[in-house]
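Asker: My structure is below; once you've seen it, I'll send some questions.
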Amino acid sequence: MLMRKQIAAANWKMNGNAQQAEALLRDVMQQKIKLSDDQVVIFAVPFPFLVTANQQLGKEHNYFIAAQNCSSHASGAYTGEVSAEMLKSIHIKYCIIGHSERREYFSETNAQLAEKINLLLKNEITPIFCCGEPLDIREANGQDKHVEAQVQESLFHLAADDLLKVVIAYEPIWAIGTGKTATTAQAQEMHAFIRSVIAKRYGKEIASEVSILYGGSVKANNAGEIFGAPDVDGGLVGGASLVAKDFIQIIQSLKN
Ligand code: 13P
């Protein structure tokens with residue numbers, strides 16, 4: 001049995017409205033896919049839908065709603081921001097942070113993400129920490145250094161027991177929304193590399209317990225192969241998670 005969780009996480013991004021969100025969640029949940037104790041399904045929905053989506057999900061085993069971001073500040077005069085404490089108070093258990101779209105369009109830095117990680121952990125919310133390189137860095141073969149710095153600067157201040165509460169998502173930017181997935185070999189290579197970076201700092205055993213998801217053009221027809229790679233523990237899925245039948249197939253592609 002695999003120790004680390006296998007996770008299918010939907011990142012809806014800024015799509016749809018309340019009615020469409022409800023219908024999409026209903027269509028996926030109607031399938032009644034039973035998850036094992038080691039499998040988790042997460043829907044990262046826009047802020048306005050968090051409460052109703054959570055109610056809609058009910059207590060279904062290992063299904064969770066996530067936020068797509070939170071503030072790097074605990075509270076105060078930060079108009080328009082949403083705090084980790086607010087998320088906790090509405091019973092949210094997961095939160096994506098450091099998505100490449102937030103790094104690129106909202107100038108989020110590794111140091112800010114370290115603050116977000118701390119606030120989420122303090123509020124007992126599992127961060128889904130995104131990392132990944134842009135195309136020019138991949139073309140210059142600089143992906144290892146780039147991703148290692150992201151992981152070190154945002155996570156390596158944590159004690160081992162806190163690091164174990166973090167999920168990592170490797171999302172090569174050139175594969176996001178482009179229809180161009182990393183090959184399974186490329187994904188496996190980067191996931192093994194990230195695990196080796198964690199092992200250097202925390203030891204092999206801790207590294208083997210961290211779930212590392214792949215993101216970037218995961219589709220119903222490629223999820224099985226990608227998730228089958230030994231160091232890939234599921235996926236963070238954008239476009240295909242907005243189509244119920246596709247996301248259902250992606251859930252069914254998790255290792256068990
Ligand atoms: P796509 O699956 O649409 O490529 O998006 C990936 C992503 O950014 C998930 O967070």
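Residues are referred to by chain and number: the chain letter is A, B, ... according to the order shown in the structure tokens, the number counts from 1 in that chain, and ligands are numbered separately from 1 in the order shown.
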For stretch 55-62 of chain A, work out the shell of residues within 7 Å, counting only C-alpha atoms and skipping chain neighbours fewer than 6 positions away, then give it as a ChimeraX atom specification.
Answerer: /A:35,39-41
Asker: DSSP says alpha helix (DSSP H) for which residues of stretch 99-228 of chain A? Put them as an MDAnalysis selection string?
Answerer: chainID A and resid 100:105 110:122 135:139 143:155 160:163 184:202 204:209 223:227
Asker: Step by step, measure atom-to-atom distances between ligand 1 and each residue using only C-alpha atoms and all ligand atoms, keep those at most 7 Å, then write them as a list in words.
Answerer: Asn11, His99, Glu171, Ala175, Ile176, Gly177, Thr178, Gly179, Gly215, Gly216, Ser217, Val218, Leu236, Val237, Gly238, Gly239 and Ala240 of chain A
Asker: Rounded to one decimal, what separation in Å do you get between atom CA of A:Pro230 and atom CA of A:Lys255?
Answerer: 9.7 Å
Asker: Taking 6 positions as the minimum chain separation for residues in the same chain, which residues sit within 12 Å of A:Leu158 when counting only C-alpha atoms? Answer as a PyMOL selection string.
Answerer: chain A and resi 114-115+117-118+121-122+151-152+164-166+198+201-202
Asker: Could the residues in this selection be written to a file with all heavy atoms, as a CSV table (one decimal), in the first residue's frame?
Answerer:
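Dumped everything to selection.csv:
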```csv
chain,number,residue,atom,x,y,z
A,114,ALA,N,6.1,31.7,1.5
A,114,ALA,CA,6.5,31.1,2.8
A,114,ALA,C,5.5,31.6,3.9
A,114,ALA,O,5.1,30.9,4.8
A,114,ALA,CB,7.9,31.5,3.1
A,115,GLU,N,5.2,32.9,3.8
A,115,GLU,CA,4.2,33.5,4.8
A,115,GLU,C,2.9,32.8,4.7
A,115,GLU,O,2.2,32.5,5.7
A,115,GLU,CB,4.1,35.0,4.6
A,115,GLU,CG,5.3,35.8,4.8
A,115,GLU,CD,5.8,35.7,6.2
A,115,GLU,OE1,5.0,35.6,7.1
A,115,GLU,OE2,7.1,35.8,6.4
A,117,ILE,N,2.2,29.9,3.6
A,117,ILE,CA,2.3,28.5,4.1
A,117,ILE,C,2.2,28.5,5.6
A,117,ILE,O,1.4,27.7,6.2
A,117,ILE,CB,3.7,27.9,3.7
A,117,ILE,CG1,3.9,27.7,2.2
A,117,ILE,CG2,4.0,26.6,4.5
A,117,ILE,CD1,3.6,26.4,1.7
A,118,ASN,N,2.9,29.4,6.3
A,118,ASN,CA,2.8,29.5,7.7
A,118,ASN,C,1.4,29.7,8.2
A,118,ASN,O,1.0,29.1,9.2
A,118,ASN,CB,3.8,30.6,8.2
A,118,ASN,CG,5.2,30.3,8.0
A,118,ASN,OD1,5.6,29.1,7.7
A,118,ASN,ND2,6.1,31.3,8.1
A,121,LEU,N,-0.8,26.6,7.7
A,121,LEU,CA,-0.5,25.5,8.6
A,121,LEU,C,-1.1,25.9,10.0
A,121,LEU,O,-1.6,25.1,10.7
A,121,LEU,CB,0.9,25.2,8.6
A,121,LEU,CG,1.5,24.6,7.4
A,121,LEU,CD1,3.0,24.4,7.4
A,121,LEU,CD2,0.8,23.2,7.1
A,122,LYS,N,-0.9,27.2,10.4
A,122,LYS,CA,-1.4,27.6,11.7
A,122,LYS,C,-2.9,27.4,11.8
A,122,LYS,O,-3.4,27.2,12.9
A,122,LYS,CB,-1.0,29.1,11.8
A,122,LYS,CG,-1.2,29.7,13.2
A,122,LYS,CD,-0.7,31.1,13.3
A,122,LYS,CE,-1.3,31.8,14.5
A,122,LYS,NZ,-1.3,33.2,14.3
A,151,VAL,N,11.2,25.7,-4.1
A,151,VAL,CA,10.9,24.8,-3.0
A,151,VAL,C,11.7,25.2,-1.7
A,151,VAL,O,11.2,25.3,-0.6
A,151,VAL,CB,11.2,23.3,-3.4
A,151,VAL,CG1,11.2,22.4,-2.2
A,151,VAL,CG2,10.2,22.8,-4.4
A,152,GLN,N,13.0,25.5,-1.9
A,152,GLN,CA,13.8,25.9,-0.8
A,152,GLN,C,13.3,27.2,-0.1
A,152,GLN,O,13.2,27.3,1.1
A,152,GLN,CB,15.3,26.1,-1.2
A,152,GLN,CG,16.0,24.9,-1.4
A,152,GLN,CD,17.4,25.1,-2.0
A,152,GLN,OE1,17.7,26.2,-2.5
A,152,GLN,NE2,18.3,24.1,-1.8
A,164,LEU,N,5.5,17.7,6.2
A,164,LEU,CA,4.6,16.6,5.9
A,164,LEU,C,3.1,17.0,5.7
A,164,LEU,O,2.4,16.2,5.1
A,164,LEU,CB,4.7,15.5,7.0
A,164,LEU,CG,6.0,14.7,7.0
A,164,LEU,CD1,6.1,13.8,8.2
A,164,LEU,CD2,6.1,13.8,5.7
A,165,LYS,N,2.8,18.2,6.1
A,165,LYS,CA,1.4,18.6,5.9
A,165,LYS,C,1.2,19.4,4.6
A,165,LYS,O,0.1,19.9,4.4
A,165,LYS,CB,1.0,19.5,7.1
A,165,LYS,CG,1.0,18.8,8.4
A,165,LYS,CD,0.8,19.8,9.6
A,165,LYS,CE,1.1,19.1,10.9
A,165,LYS,NZ,1.5,20.1,12.0
A,166,VAL,N,2.3,19.5,3.8
A,166,VAL,CA,2.2,20.2,2.6
A,166,VAL,C,2.1,19.3,1.4
A,166,VAL,O,2.7,18.2,1.4
A,166,VAL,CB,3.5,21.1,2.4
A,166,VAL,CG1,3.5,21.8,1.1
A,166,VAL,CG2,3.6,22.1,3.5
A,198,ILE,N,14.0,17.4,-1.4
A,198,ILE,CA,13.4,17.3,-0.1
A,198,ILE,C,14.2,16.3,0.8
A,198,ILE,O,14.5,16.5,2.0
A,198,ILE,CB,12.0,16.8,-0.2
A,198,ILE,CG1,11.1,17.9,-0.9
A,198,ILE,CG2,11.4,16.6,1.2
A,198,ILE,CD1,9.8,17.4,-1.3
A,201,ARG,N,17.3,17.7,2.5
A,201,ARG,CA,17.1,18.6,3.6
A,201,ARG,C,16.5,17.8,4.8
A,201,ARG,O,16.8,18.0,5.9
A,201,ARG,CB,16.2,19.7,3.2
A,201,ARG,CG,15.5,20.5,4.2
A,201,ARG,CD,16.5,21.5,4.9
A,201,ARG,NE,15.7,22.4,5.8
A,201,ARG,CZ,15.3,22.1,7.0
A,201,ARG,NH1,15.6,20.9,7.5
A,201,ARG,NH2,14.6,22.9,7.8
A,202,TYR,N,15.5,16.9,4.5
A,202,TYR,CA,14.7,16.3,5.5
A,202,TYR,C,14.9,14.7,5.7
A,202,TYR,O,14.3,14.1,6.6
A,202,TYR,CB,13.2,16.5,5.3
A,202,TYR,CG,12.8,18.0,5.3
A,202,TYR,CD1,12.7,18.7,4.2
A,202,TYR,CD2,12.5,18.5,6.6
A,202,TYR,CE1,12.3,20.1,4.3
A,202,TYR,CE2,12.1,19.9,6.7
A,202,TYR,CZ,12.0,20.6,5.5
A,202,TYR,OH,11.7,22.0,5.6
```
Asker: Which of stretch 14-245 of chain A end up as strand (DSSP E or B) when DSSP is run on this backbone - answer as a ChimeraX atom specification?
Answerer: /A:39-44,63-67,94-97,126-131,167-170,212-215,234-237
